[in-house]
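For reference, protein.pdb is printed below; it contains PDB, C-alpha atoms.
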ATOM      1  CA  MET A 118      18.382  14.082  21.042
ATOM      2  CA  SER A 119      21.050  16.767  20.339
ATOM      3  CA  THR A 120      24.559  15.522  19.568
ATOM      4  CA  GLU A 121      26.092  18.976  19.978
ATOM      5  CA  SER A 122      28.760  19.401  22.644
ATOM      6  CA  PRO A 123      28.284  22.018  25.393
ATOM      7  CA  ASP A 124      31.030  24.169  23.793
ATOM      8  CA  THR A 125      29.315  24.045  20.392
ATOM      9  CA  GLN A 126      26.083  25.226  22.006
ATOM     10  CA  ALA A 127      27.966  27.948  23.911
ATOM     11  CA  VAL A 128      29.629  29.181  20.698
ATOM     12  CA  GLU A 129      26.226  29.330  18.989
ATOM     13  CA  LYS A 130      24.908  31.366  21.934
ATOM     14  CA  LEU A 131      27.913  33.683  21.682
ATOM     15  CA  GLY A 132      27.194  34.241  17.982
ATOM     16  CA  GLU A 133      23.570  35.089  18.870
ATOM     17  CA  ALA A 134      24.722  37.418  21.677
ATOM     18  CA  ARG A 135      27.055  39.222  19.241
ATOM     19  CA  ASP A 136      24.172  39.881  16.820
ATOM     20  CA  ALA A 137      21.995  41.141  19.697
ATOM     21  CA  ILE A 138      24.780  43.440  21.022
ATOM     22  CA  VAL A 139      25.381  44.927  17.554
ATOM     23  CA  LYS A 140      21.623  45.491  17.144
ATOM     24  CA  GLU A 141      21.501  47.410  20.448
ATOM     25  CA  LEU A 142      24.615  49.453  19.599
ATOM     26  CA  ARG A 143      22.990  50.518  16.326
ATOM     27  CA  LYS A 144      20.506  52.541  18.447
ATOM     28  CA  THR A 145      23.262  54.980  19.437
ATOM     29  CA  ILE A 146      26.218  54.294  17.112
ATOM     30  CA  VAL A 147      26.279  54.950  13.365
ATOM     31  CA  GLY A 148      28.787  53.046  11.219
ATOM     32  CA  MET A 149      32.076  51.878  12.825
ATOM     33  CA  GLU A 150      31.332  48.211  11.997
ATOM     34  CA  ASP A 151      35.010  47.191  12.000
ATOM     35  CA  VAL A 152      35.708  49.092  15.239
ATOM     36  CA  VAL A 153      32.760  47.422  17.014
ATOM     37  CA  ASP A 154      33.803  43.998  15.693
ATOM     38  CA  GLU A 155      37.434  44.404  16.801
ATOM     39  CA  MET A 156      36.454  45.689  20.255
ATOM     40  CA  MET A 157      34.176  42.700  20.803
ATOM     41  CA  ILE A 158      36.901  40.299  19.635
ATOM     42  CA  ALA A 159      39.259  41.913  22.162
ATOM     43  CA  ILE A 160      36.761  41.624  25.032
ATOM     44  CA  PHE A 161      36.113  37.906  24.438
ATOM     45  CA  ALA A 162      39.845  37.280  23.886
ATOM     46  CA  ARG A 163      40.606  38.976  27.266
ATOM     47  CA  GLY A 164      42.641  41.685  25.539
ATOM     48  CA  HIS A 165      42.972  45.471  25.706
ATOM     49  CA  CYS A 166      42.647  47.987  22.869
ATOM     50  CA  LEU A 167      44.421  51.150  21.828
ATOM     51  CA  LEU A 168      42.003  53.345  19.872
ATOM     52  CA  VAL A 169      43.575  55.930  17.574
ATOM     53  CA  GLY A 170      41.382  58.628  16.050
ATOM     54  CA  VAL A 171      40.742  62.352  16.020
ATOM     55  CA  PRO A 172      38.379  63.852  18.658
ATOM     56  CA  GLY A 173      34.629  63.832  18.026
ATOM     57  CA  LEU A 174      34.271  60.361  16.487
ATOM     58  CA  ALA A 175      31.994  59.056  19.310
ATOM     59  CA  LYS A 176      34.666  56.821  20.896
ATOM     60  CA  THR A 177      33.402  57.542  24.426
ATOM     61  CA  LEU A 178      29.764  57.003  23.405
ATOM     62  CA  LEU A 179      30.702  53.679  21.791
ATOM     63  CA  VAL A 180      32.482  52.409  24.919
ATOM     64  CA  SER A 181      29.740  53.546  27.326
ATOM     65  CA  SER A 182      27.048  51.994  25.070
ATOM     66  CA  LEU A 183      29.018  48.733  24.905
ATOM     67  CA  ALA A 184      29.269  48.725  28.714
ATOM     68  CA  GLU A 185      25.484  49.213  28.913
ATOM     69  CA  THR A 186      24.634  46.335  26.561
ATOM     70  CA  MET A 187      27.034  44.068  28.469
ATOM     71  CA  SER A 188      25.908  45.240  31.925
ATOM     72  CA  LEU A 189      29.492  46.183  32.817
ATOM     73  CA  GLY A 190      30.843  48.793  35.219
ATOM     74  CA  PHE A 191      32.247  51.717  33.211
ATOM     75  CA  LYS A 192      34.671  54.465  34.223
ATOM     76  CA  ARG A 193      36.562  57.076  32.247
ATOM     77  CA  ILE A 194      39.901  58.717  33.132
ATOM     78  CA  GLN A 195      41.009  61.849  31.306
ATOM     79  CA  PHE A 196      44.804  61.566  31.196
ATOM     80  CA  THR A 197      46.625  64.849  31.864
ATOM     81  CA  PRO A 198      50.298  65.796  32.536
ATOM     82  CA  ASP A 199      49.605  66.174  36.286
ATOM     83  CA  LEU A 200      47.817  62.813  36.731
ATOM     84  CA  MET A 201      49.444  60.664  39.424
ATOM     85  CA  PRO A 202      49.595  56.822  39.563
ATOM     86  CA  SER A 203      47.399  56.892  42.706
ATOM     87  CA  ASP A 204      44.706  58.766  40.724
ATOM     88  CA  ILE A 205      44.310  55.559  38.713
ATOM     89  CA  THR A 206      45.032  52.708  41.116
ATOM     90  CA  GLY A 207      43.872  54.231  44.422
ATOM     91  CA  THR A 208      45.516  55.500  47.579
ATOM     92  CA  GLU A 209      45.973  54.758  51.293
ATOM     93  CA  LEU A 210      43.853  57.083  53.466
ATOM     94  CA  LEU A 211      44.330  57.569  57.213
ATOM     95  CA  GLN A 212      40.990  56.945  58.925
ATOM     96  CA  GLU A 213      39.900  57.014  62.564
ATOM     97  CA  ASP A 214      37.740  54.266  64.039
ATOM     98  CA  PRO A 215      34.696  56.047  65.590
ATOM     99  CA  GLU A 216      34.545  53.550  68.506
ATOM    100  CA  THR A 217      38.188  52.930  69.425
ATOM    101  CA  HIS A 218      39.520  56.229  68.017
ATOM    102  CA  GLN A 219      42.450  54.287  66.637
ATOM    103  CA  ARG A 220      43.864  55.526  63.365
ATOM    104  CA  ARG A 221      44.681  53.139  60.568
ATOM    105  CA  PHE A 222      45.317  53.265  56.853
ATOM    106  CA  LYS A 223      42.536  52.076  54.571
ATOM    107  CA  PHE A 224      42.936  51.544  50.825
ATOM    108  CA  GLN A 225      40.587  53.699  48.764
ATOM    109  CA  LYS A 226      40.142  51.985  45.378
ATOM    110  CA  GLY A 227      40.771  54.059  42.250
ATOM    111  CA  PRO A 228      38.841  54.089  38.955
ATOM    112  CA  VAL A 229      40.845  51.104  37.633
ATOM    113  CA  PHE A 230      38.538  48.927  39.764
ATOM    114  CA  THR A 231      35.832  48.591  37.126
ATOM    115  CA  ASN A 232      35.005  46.295  34.203
ATOM    116  CA  LEU A 233      35.431  48.635  31.248
ATOM    117  CA  LEU A 234      37.938  51.471  31.670
ATOM    118  CA  LEU A 235      38.298  54.223  29.094
ATOM    119  CA  ALA A 236      41.777  55.776  29.375
ATOM    120  CA  ASP A 237      41.339  58.959  27.358
ATOM    121  CA  GLU A 238      44.485  60.328  25.667
ATOM    122  CA  ILE A 239      46.885  57.971  27.444
ATOM    123  CA  ASN A 240      49.864  59.647  25.746
ATOM    124  CA  ARG A 241      49.184  62.932  27.597
ATOM    125  CA  THR A 242      50.408  61.636  30.946
ATOM    126  CA  PRO A 243      54.023  60.969  32.073
ATOM    127  CA  PRO A 244      55.563  57.469  31.781
ATOM    128  CA  LYS A 245      55.281  56.772  35.543
ATOM    129  CA  THR A 246      51.480  57.145  35.430
ATOM    130  CA  GLN A 247      51.208  55.233  32.161
ATOM    131  CA  ALA A 248      53.220  52.413  33.742
ATOM    132  CA  ALA A 249      50.813  52.216  36.722
ATOM    133  CA  LEU A 250      47.888  51.534  34.402
ATOM    134  CA  LEU A 251      49.838  49.151  32.164
ATOM    135  CA  GLU A 252      51.049  47.163  35.177
ATOM    136  CA  ALA A 253      47.466  46.802  36.430
ATOM    137  CA  MET A 254      46.413  45.689  32.931
ATOM    138  CA  GLN A 255      49.109  43.009  32.877
ATOM    139  CA  GLU A 256      48.898  41.745  36.455
ATOM    140  CA  LYS A 257      45.090  42.173  36.876
ATOM    141  CA  ARG A 258      45.767  43.473  40.381
ATOM    142  CA  VAL A 259      46.983  46.545  42.289
ATOM    143  CA  SER A 260      49.562  46.427  45.105
ATOM    144  CA  SER A 261      49.353  48.945  47.938
ATOM    145  CA  GLY A 262      50.615  48.940  51.529
ATOM    146  CA  GLY A 263      52.032  45.442  51.124
ATOM    147  CA  GLU A 264      48.669  43.982  50.017
ATOM    148  CA  ASP A 265      47.368  42.889  46.629
ATOM    149  CA  TYR A 266      43.884  43.908  45.473
ATOM    150  CA  LYS A 267      42.481  41.899  42.559
ATOM    151  CA  LEU A 268      40.748  43.796  39.782
ATOM    152  CA  ASP A 269      37.148  43.013  38.896
ATOM    153  CA  GLU A 270      36.394  40.408  36.225
ATOM    154  CA  PRO A 271      35.992  40.861  33.348
ATOM    155  CA  PHE A 272      38.506  43.720  33.037
ATOM    156  CA  PHE A 273      39.099  45.540  29.782
ATOM    157  CA  VAL A 274      41.009  48.763  29.055
ATOM    158  CA  LEU A 275      40.333  50.891  26.044
ATOM    159  CA  ALA A 276      42.963  53.619  25.711
ATOM    160  CA  THR A 277      42.625  56.440  23.188
ATOM    161  CA  GLN A 278      45.264  58.507  21.407
ATOM    162  CA  ASN A 279      44.826  61.619  19.301
ATOM    163  CA  PRO A 280      47.061  61.210  16.204
ATOM    164  CA  ILE A 281      47.133  64.957  15.430
ATOM    165  CA  GLU A 282      48.480  66.761  18.486
ATOM    166  CA  GLN A 283      51.931  65.485  19.464
ATOM    167  CA  GLU A 284      53.183  68.523  21.412
ATOM    168  CA  GLY A 285      53.386  67.869  25.155
ATOM    169  CA  THR A 286      52.729  64.147  24.779
ATOM    170  CA  TYR A 287      54.569  61.074  26.068
ATOM    171  CA  PRO A 288      54.405  58.386  23.347
ATOM    172  CA  LEU A 289      54.071  54.841  24.679
ATOM    173  CA  PRO A 290      57.313  52.826  24.232
ATOM    174  CA  GLU A 291      57.137  49.745  21.973
ATOM    175  CA  ALA A 292      57.332  47.405  25.000
ATOM    176  CA  GLN A 293      54.219  49.015  26.489
ATOM    177  CA  LEU A 294      52.370  49.162  23.175
ATOM    178  CA  ASP A 295      52.879  45.387  23.037
ATOM    179  CA  ARG A 296      50.516  45.040  26.037
ATOM    180  CA  PHE A 297      47.578  46.017  23.822
ATOM    181  CA  LEU A 298      45.983  43.197  21.844
ATOM    182  CA  PHE A 299      44.689  45.564  19.154
ATOM    183  CA  ASN A 300      45.565  48.979  17.782
ATOM    184  CA  ILE A 301      42.239  50.083  16.280
ATOM    185  CA  GLN A 302      42.112  52.957  13.799
ATOM    186  CA  VAL A 303      38.877  54.983  14.022
ATOM    187  CA  LYS A 304      38.237  56.656  10.677
ATOM    188  CA  TYR A 305      35.931  59.474   9.610
ATOM    189  CA  PRO A 306      32.329  58.460   8.812
ATOM    190  CA  SER A 307      31.156  58.168   5.213
ATOM    191  CA  HIS A 308      28.864  60.869   3.753
ATOM    192  CA  GLU A 309      25.741  58.770   4.396
ATOM    193  CA  GLU A 310      26.846  57.960   7.948
ATOM    194  CA  GLU A 311      27.561  61.619   8.691
ATOM    195  CA  MET A 312      24.075  62.584   7.445
ATOM    196  CA  GLN A 313      22.542  59.898   9.669
ATOM    197  CA  ILE A 314      24.598  61.106  12.682
ATOM    198  CA  MET A 315      23.329  64.673  12.187
ATOM    199  CA  ARG A 316      19.711  63.536  11.942
ATOM    200  CA  SER A 317      19.836  61.321  15.058
ATOM    201  CA  ILE A 318      22.016  63.406  17.402
ATOM    202  CA  THR A 319      20.222  66.726  16.763
ATOM    203  CA  SER A 320      16.787  65.255  17.555
ATOM    204  CA  ASP A 321      15.258  64.893  21.009
ATOM    205  CA  HIS A 322      14.641  61.158  20.640
ATOM    206  CA  ARG A 323      17.098  58.678  22.157
ATOM    207  CA  GLU A 324      16.445  54.955  22.190
ATOM    208  CA  GLU A 325      17.266  53.040  25.351
ATOM    209  CA  VAL A 326      20.050  50.466  25.012
ATOM    210  CA  LYS A 327      19.058  47.117  26.520
ATOM    211  CA  GLN A 328      21.284  44.689  28.391
ATOM    212  CA  VAL A 329      22.158  41.584  26.348
ATOM    213  CA  VAL A 330      24.748  39.772  28.514
ATOM    214  CA  ASP A 331      26.317  40.322  31.931
ATOM    215  CA  GLY A 332      29.814  40.059  33.415
ATOM    216  CA  ALA A 333      29.419  36.425  34.517
ATOM    217  CA  ALA A 334      28.282  35.368  31.027
ATOM    218  CA  ILE A 335      31.228  37.229  29.432
ATOM    219  CA  VAL A 336      33.719  35.407  31.694
ATOM    220  CA  GLU A 337      32.149  32.057  30.710
ATOM    221  CA  PHE A 338      32.267  32.980  27.016
ATOM    222  CA  GLN A 339      35.949  33.944  27.423
ATOM    223  CA  LYS A 340      36.638  30.435  28.764
ATOM    224  CA  VAL A 341      34.769  28.869  25.826
ATOM    225  CA  VAL A 342      36.865  30.932  23.364
ATOM    226  CA  ARG A 343      40.066  29.569  24.932
ATOM    227  CA  ARG A 344      38.834  25.985  24.462
ATOM    228  CA  ILE A 345      38.235  26.301  20.708
ATOM    229  CA  PRO A 346      40.630  23.908  18.917
ATOM    230  CA  VAL A 347      43.133  25.166  16.343
ATOM    231  CA  ALA A 348      44.496  23.012  13.515
ATOM    232  CA  GLU A 349      48.271  22.724  13.051
ATOM    233  CA  PRO A 350      48.252  24.526   9.639
ATOM    234  CA  ILE A 351      46.620  27.554  11.319
ATOM    235  CA  PHE A 352      49.416  27.683  13.932
ATOM    236  CA  GLU A 353      51.907  27.454  11.040
ATOM    237  CA  TYR A 354      50.153  30.246   9.123
ATOM    238  CA  ALA A 355      50.126  32.591  12.154
ATOM    239  CA  ALA A 356      53.805  31.884  12.876
ATOM    240  CA  ARG A 357      54.725  32.454   9.228
ATOM    241  CA  ILE A 358      53.063  35.885   9.208
ATOM    242  CA  VAL A 359      54.757  37.048  12.421
ATOM    243  CA  ARG A 360      58.198  35.658  11.567
ATOM    244  CA  ALA A 361      58.019  37.316   8.140
ATOM    245  CA  THR A 362      57.848  40.752   9.829
ATOM    246  CA  ARG A 363      61.370  40.308  11.253
ATOM    247  CA  PRO A 364      64.123  41.717   8.998
ATOM    248  CA  SER A 365      66.706  39.427  10.630
ATOM    249  CA  GLU A 366      64.870  36.253   9.561
ATOM    250  CA  PRO A 367      66.595  34.603   6.545
ATOM    251  CA  ASP A 368      63.207  33.722   4.980
ATOM    252  CA  ALA A 369      61.745  37.222   5.405
ATOM    253  CA  PRO A 370      60.626  38.848   2.117
ATOM    254  CA  GLU A 371      63.152  41.248   0.574
ATOM    255  CA  PHE A 372      60.883  44.283   1.048
ATOM    256  CA  VAL A 373      60.712  43.502   4.798
ATOM    257  CA  LYS A 374      64.522  43.482   5.080
ATOM    258  CA  LYS A 375      64.629  46.839   3.317
ATOM    259  CA  LEU A 376      61.570  48.615   4.741
ATOM    260  CA  MET A 377      61.214  47.350   8.343
ATOM    261  CA  SER A 378      63.575  48.236  11.184
ATOM    262  CA  TRP A 379      61.944  45.925  13.689
ATOM    263  CA  GLY A 380      59.419  43.092  13.558
ATOM    264  CA  ALA A 381      56.796  41.664  15.895
ATOM    265  CA  GLY A 382      57.675  39.490  18.903
ATOM    266  CA  PRO A 383      56.193  36.141  20.014
ATOM    267  CA  ARG A 384      53.273  37.863  21.778
ATOM    268  CA  ALA A 385      51.954  38.752  18.311
ATOM    269  CA  SER A 386      51.796  35.030  17.387
ATOM    270  CA  LEU A 387      49.862  34.241  20.564
ATOM    271  CA  ASN A 388      47.506  37.153  19.953
ATOM    272  CA  LEU A 389      46.813  36.083  16.366
ATOM    273  CA  ILE A 390      45.648  32.691  17.624
ATOM    274  CA  ILE A 391      43.527  33.884  20.550
ATOM    275  CA  ALA A 392      41.974  36.742  18.534
ATOM    276  CA  GLY A 393      41.339  34.302  15.670
ATOM    277  CA  LYS A 394      39.540  32.018  18.135
ATOM    278  CA  ALA A 395      37.412  34.904  19.423
ATOM    279  CA  ARG A 396      36.525  36.040  15.887
ATOM    280  CA  ALA A 397      35.463  32.519  14.912
ATOM    281  CA  ALA A 398      33.380  32.103  18.095
ATOM    282  CA  LEU A 399      31.643  35.460  17.603
ATOM    283  CA  ARG A 400      30.563  34.179  14.192
ATOM    284  CA  GLY A 401      29.176  30.993  15.742
ATOM    285  CA  ARG A 402      32.024  28.727  14.575
ATOM    286  CA  CYS A 403      34.039  26.147  16.547
ATOM    287  CA  HIS A 404      37.044  26.190  14.222
ATOM    288  CA  VAL A 405      39.586  28.879  13.299
ATOM    289  CA  SER A 406      40.214  29.574   9.617
ATOM    290  CA  GLU A 407      43.049  31.345   7.788
ATOM    291  CA  GLU A 408      40.542  34.122   7.064
ATOM    292  CA  ASP A 409      40.145  34.681  10.848
ATOM    293  CA  ILE A 410      43.923  35.078  11.210
ATOM    294  CA  ARG A 411      44.145  37.477   8.246
ATOM    295  CA  ALA A 412      41.228  39.551   9.568
ATOM    296  CA  VAL A 413      42.903  40.210  12.939
ATOM    297  CA  ALA A 414      46.484  40.555  11.645
ATOM    298  CA  LEU A 415      46.408  44.289  10.857
ATOM    299  CA  PRO A 416      45.175  45.568  14.273
ATOM    300  CA  ILE A 417      47.590  43.144  15.988
ATOM    301  CA  LEU A 418      50.683  43.970  13.931
ATOM    302  CA  ARG A 419      50.385  47.686  13.110
ATOM    303  CA  HIS A 420      51.767  48.775  16.513
ATOM    304  CA  ARG A 421      54.338  45.975  16.737
ATOM    305  CA  ILE A 422      56.430  46.708  13.659
ATOM    306  CA  VAL A 423      58.704  49.694  13.054
ATOM    307  CA  PRO A 424      59.036  50.981   9.472
ATOM    308  CA  SER A 425      62.585  51.904   8.456
ATOM    309  CA  PHE A 426      63.694  55.409   7.495
ATOM    310  CA  ALA A 427      63.581  54.307   3.834
ATOM    311  CA  ALA A 428      59.918  53.271   4.232
ATOM    312  CA  ARG A 429      58.944  56.492   5.993
ATOM    313  CA  SER A 430      60.733  58.620   3.392
ATOM    314  CA  GLU A 431      58.613  56.920   0.713
ATOM    315  CA  GLY A 432      55.438  57.736   2.678
ATOM    316  CA  MET A 433      54.852  54.126   3.789
ATOM    317  CA  THR A 434      53.138  53.366   7.090
ATOM    318  CA  SER A 435      52.882  50.265   9.280
ATOM    319  CA  ASP A 436      49.486  49.575   7.687
ATOM    320  CA  THR A 437      50.964  49.709   4.173
ATOM    321  CA  LEU A 438      53.684  47.221   5.101
ATOM    322  CA  VAL A 439      51.376  44.793   6.946
ATOM    323  CA  GLU A 440      48.858  44.812   4.079
ATOM    324  CA  ARG A 441      51.645  44.132   1.576
ATOM    325  CA  LEU A 442      52.941  41.281   3.741
ATOM    326  CA  LEU A 443      49.475  39.715   4.074
ATOM    327  CA  ASP A 444      49.023  39.944   0.317
ATOM    328  CA  GLU A 445      52.382  38.242  -0.255
ATOM    329  CA  LEU A 446      51.581  35.492   2.275
ATOM    330  CA  ALA A 447      48.004  34.909   1.083
ATOM    331  CA  PRO A 448      47.319  31.128   1.202
ATOM    332  CA  GLY A 449      46.790  30.805  -2.569
ATOM    333  CA  LYS A 450      49.978  32.707  -3.405
ATOM    334  CA  SER A 451      52.066  30.737  -0.881
ATOM    335  CA  GLU A 452      50.889  27.439  -2.375
ATOM    336  CA  ALA A 453      51.533  28.669  -5.930
ATOM    337  CA  LYS A 454      55.109  29.648  -4.994
ATOM    338  CA  ALA A 455      55.679  26.308  -3.270
ATOM    339  CA  GLY A 456      54.458  24.505  -6.391
TER     340      GLY A 456
END
Using structure tokens, write down the structure that the file contains.
Amino acid sequence: MSTESPDTQAVEKLGEARDAIVKELRKTIVGMEDVVDEMMIAIFARGHCLLVGVPGLAKTLLVSSLAETMSLGFKRIQFTPDLMPSDITGTELLQEDPETHQRRFKFQKGPVFTNLLLADEINRTPPKTQAALLEAMQEKRVSSGGEDYKLDEPFFVLATQNPIEQEGTYPLPEAQLDRFLFNIQVKYPSHEEEMQIMRSITSDHREEVKQVVDGAAIVEFQKVVRRIPVAEPIFEYAARIVRATRPSEPDAPEFVKKLMSWGAGPRASLNLIIAGKARAALRGRCHVSEEDIRAVALPILRHRIVPSFAARSEGMTSDTLVERLLDELAPGKSEAKAG
């Protein structure tokens, strides 16, 4: 007779599902292991992602393939300067009843009513339209004509930004960037990966991606992730990392006080824990380790800290500063200093 708890069995199933999803994605996607891993962590942690990378890196193909393997509804919005909030959320249309000939307004749902929404080049649309999407992401509903319309579950937004072209763009304010669980950097493929991409994409053969899980299973897995216990030292470790990013904290490292203008808020601490839980569960574990927290810290913190002018003048980026902080707060080093 098995002594495993239902949650332990569910976490094992989630680990198996992750391996199966990655195997299916490999049919269409070459490389991008870290990107795939971080996107899956975000989905099972009920978070949204900001994907930053130059055009042509298969971001859209990755998202549509992920939607296929997870049997999720998928829609894509190309953000442009003339996009209106109603183009995302939906609009009230005046319709006539064919029997009574009475006219009444009926809400026509917009593309936000899906499971997986790709918001392409979110910084190309004005703040009012950006805010409409970000409000829907936060509230998980759309209000129109005095009524609330709940979004489908699960609901996940993946927004892309092109880091090269900045002319005619509307950068997301820090408060809105904070709504995204992860800021994922999509890098160029390696030489071997690029060769493999050329061989596969220029041929006539395309393997079919199979469904591994569905929306209902994802929602259940999300609940299991939330129930994973976290030891007190892990809470302490996550809090120490986030608090150390704040230049105003007395215990912050000296380089932080000099090179950071602004640190991460409490939402970063929460996100470290929930993303750490999701990472552990996706690896078939029912406990969160310090390694889980370290692994998710960079995509969580890189868009929540602001390097100072001194840091930027020395060519330092958010990534440089977060990596230096993680190195300084590595468990072994912290214990050595304490001793």
For this session: For the structure provided, state which residues fall under the PyMOL selection byres ((chain A and resi 179-195) around 6), and present them as a list in words.
Result: Lys176, Thr177, Leu178, Phe196, Thr231, Asn232, Leu233, Leu234, Leu235, Ala236, Asp237, Lys327, Gln328, Val329, Val330 and Asp331 of chain A
Problem set entry | Contacts of A:Ser378 within 9 Å, only C-alpha atoms, excl. fewer than 3 positions in-chain, as a PyMOL selection string | chain A and resi 363-364+373-375+422-426
For this session: Output the residue selection produced by the PyMOL selection byres ((chain A and resi 246) around 9) on the file above, formatted as JSON, numbers by chain.
Result: {"A": [200, 201, 202, 203, 204, 205, 242, 243, 244, 245, 247, 248, 249, 250, 251]}
Problem set entry | Picked residues, the PyMOL selection byres ((chain A and resi 380) around 12), as a PyMOL selection string | chain A and resi 291+295+358-366+369+373-374+376-379+381-386+418-425+435+438-439+442
For this session: Select, from A:Gln225, A:Thr197, A:Thr145, A:Ser317, the residue with the minimum atom-to-atom distance to A:Leu210, counting only C-alpha atoms.
Result: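 Among the listed residues, A:Gln225 lies closest to A:Leu210.
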For this session: Provide the atom CA of A:Pro370 to atom CA of A:Gly393 distance in Å, to one decimal place.
Result: 24.0 Å
Problem set entry | Between atom CA of A:Leu142 and atom CA of A:Glu407 - distance in Å to one decimal |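 Computing the Euclidean distance for atom CA of A:Glu407 and atom CA of A:Leu142 yields 28.4 Å.
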Exercise. Separation of atom CA of A:Gly132 and atom CA of A:Val229, in Å?
Worked result: 29.3 Å
Exercise. Quick one: of A:Thr208, A:Glu337, A:Glu324, A:Arg316, who's nearest to A:Val259, counting all atoms listed in the file?
Worked result: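 Of all the options, A:Thr208 lies closest to A:Val259.
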Exercise. Pick from A:Arg411, A:His165, A:Arg220, A:His322: nearest to A:Glu440, with only C-alpha atoms counted?
Worked result: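 Looking at the shortest contact to A:Glu440, the residue is A:Arg411.
If only C-alpha atoms are the atoms counted, then among A:Leu268, A:Ala412, A:Val347, A:Val326 the closest residue to A:Glu141 is A:Val326.
Candidate residues A:Met149, A:Ile314, A:Ala127, A:Met254 were compared for distance to A:Arg296, and the nearest is A:Met254, using all atoms listed in the file.
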Exercise. Could you name the residues that touch A:Glu349 at 12 Å or less, counting all atoms listed in the file, but leaving out those on the same chain fewer than 2 positions away, as a PyMOL selection string?
Worked result: chain A and resi 346-347+351-356+390+404-407
For this session: Please provide the set of residues having any atom within 9 Å of A:Val341, restricted to all atoms listed in the file, with same-chain residues fewer than 3 positions apart removed, written as a list in words.
Result: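 After dropping sequence-adjacent residues, the list is Asp124, Ala127, Val128, Val336, Glu337, Phe338, Arg344, Ile345 and Ala398 of chain A.
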When you get a chance, write out N, CA and C atoms for stretch 143-159 of chain A, as a PDB file, in the frame of the given file.
ATOM      1  N   ARG A 143      23.456  49.748  17.478  1.00  0.00           N
ATOM      2  CA  ARG A 143      22.990  50.518  16.326  1.00  0.00           C
ATOM      3  C   ARG A 143      21.998  51.615  16.741  1.00  0.00           C
ATOM      4  N   LYS A 144      21.433  51.514  17.955  1.00  0.00           N
ATOM      5  CA  LYS A 144      20.506  52.541  18.447  1.00  0.00           C
ATOM      6  C   LYS A 144      21.225  53.857  18.739  1.00  0.00           C
ATOM      7  N   THR A 145      22.519  53.762  19.087  1.00  0.00           N
ATOM      8  CA  THR A 145      23.262  54.980  19.437  1.00  0.00           C
ATOM      9  C   THR A 145      24.474  55.226  18.537  1.00  0.00           C
ATOM     10  N   ILE A 146      24.977  54.177  17.903  1.00  0.00           N
ATOM     11  CA  ILE A 146      26.218  54.294  17.112  1.00  0.00           C
ATOM     12  C   ILE A 146      25.914  54.118  15.628  1.00  0.00           C
ATOM     13  N   VAL A 147      26.439  55.027  14.823  1.00  0.00           N
ATOM     14  CA  VAL A 147      26.279  54.950  13.365  1.00  0.00           C
ATOM     15  C   VAL A 147      27.607  54.516  12.755  1.00  0.00           C
ATOM     16  N   GLY A 148      27.563  53.510  11.876  1.00  0.00           N
ATOM     17  CA  GLY A 148      28.787  53.046  11.219  1.00  0.00           C
ATOM     18  C   GLY A 148      29.714  52.323  12.192  1.00  0.00           C
ATOM     19  N   MET A 149      31.015  52.465  11.979  1.00  0.00           N
ATOM     20  CA  MET A 149      32.076  51.878  12.825  1.00  0.00           C
ATOM     21  C   MET A 149      31.953  50.362  12.978  1.00  0.00           C
ATOM     22  N   GLU A 150      31.512  49.674  11.919  1.00  0.00           N
ATOM     23  CA  GLU A 150      31.332  48.211  11.997  1.00  0.00           C
ATOM     24  C   GLU A 150      32.622  47.496  12.382  1.00  0.00           C
ATOM     25  N   ASP A 151      33.729  47.858  11.714  1.00  0.00           N
ATOM     26  CA  ASP A 151      35.010  47.191  12.000  1.00  0.00           C
ATOM     27  C   ASP A 151      35.482  47.471  13.419  1.00  0.00           C
ATOM     28  N   VAL A 152      35.281  48.714  13.883  1.00  0.00           N
ATOM     29  CA  VAL A 152      35.708  49.092  15.239  1.00  0.00           C
ATOM     30  C   VAL A 152      34.933  48.286  16.275  1.00  0.00           C
ATOM     31  N   VAL A 153      33.613  48.191  16.090  1.00  0.00           N
ATOM     32  CA  VAL A 153      32.760  47.422  17.014  1.00  0.00           C
ATOM     33  C   VAL A 153      33.193  45.957  17.020  1.00  0.00           C
ATOM     34  N   ASP A 154      33.415  45.404  15.818  1.00  0.00           N
ATOM     35  CA  ASP A 154      33.803  43.998  15.693  1.00  0.00           C
ATOM     36  C   ASP A 154      35.119  43.733  16.412  1.00  0.00           C
ATOM     37  N   GLU A 155      36.112  44.602  16.192  1.00  0.00           N
ATOM     38  CA  GLU A 155      37.434  44.404  16.801  1.00  0.00           C
ATOM     39  C   GLU A 155      37.384  44.580  18.314  1.00  0.00           C
ATOM     40  N   MET A 156      36.578  45.520  18.805  1.00  0.00           N
ATOM     41  CA  MET A 156      36.454  45.689  20.255  1.00  0.00           C
ATOM     42  C   MET A 156      35.825  44.465  20.899  1.00  0.00           C
ATOM     43  N   MET A 157      34.817  43.890  20.240  1.00  0.00           N
ATOM     44  CA  MET A 157      34.176  42.700  20.803  1.00  0.00           C
ATOM     45  C   MET A 157      35.111  41.493  20.764  1.00  0.00           C
ATOM     46  N   ILE A 158      35.901  41.380  19.693  1.00  0.00           N
ATOM     47  CA  ILE A 158      36.901  40.299  19.635  1.00  0.00           C
ATOM     48  C   ILE A 158      37.858  40.443  20.815  1.00  0.00           C
ATOM     49  N   ALA A 159      38.315  41.673  21.061  1.00  0.00           N
ATOM     50  CA  ALA A 159      39.259  41.913  22.162  1.00  0.00           C
ATOM     51  C   ALA A 159      38.661  41.548  23.515  1.00  0.00           C
TER      52      ALA A 159
END
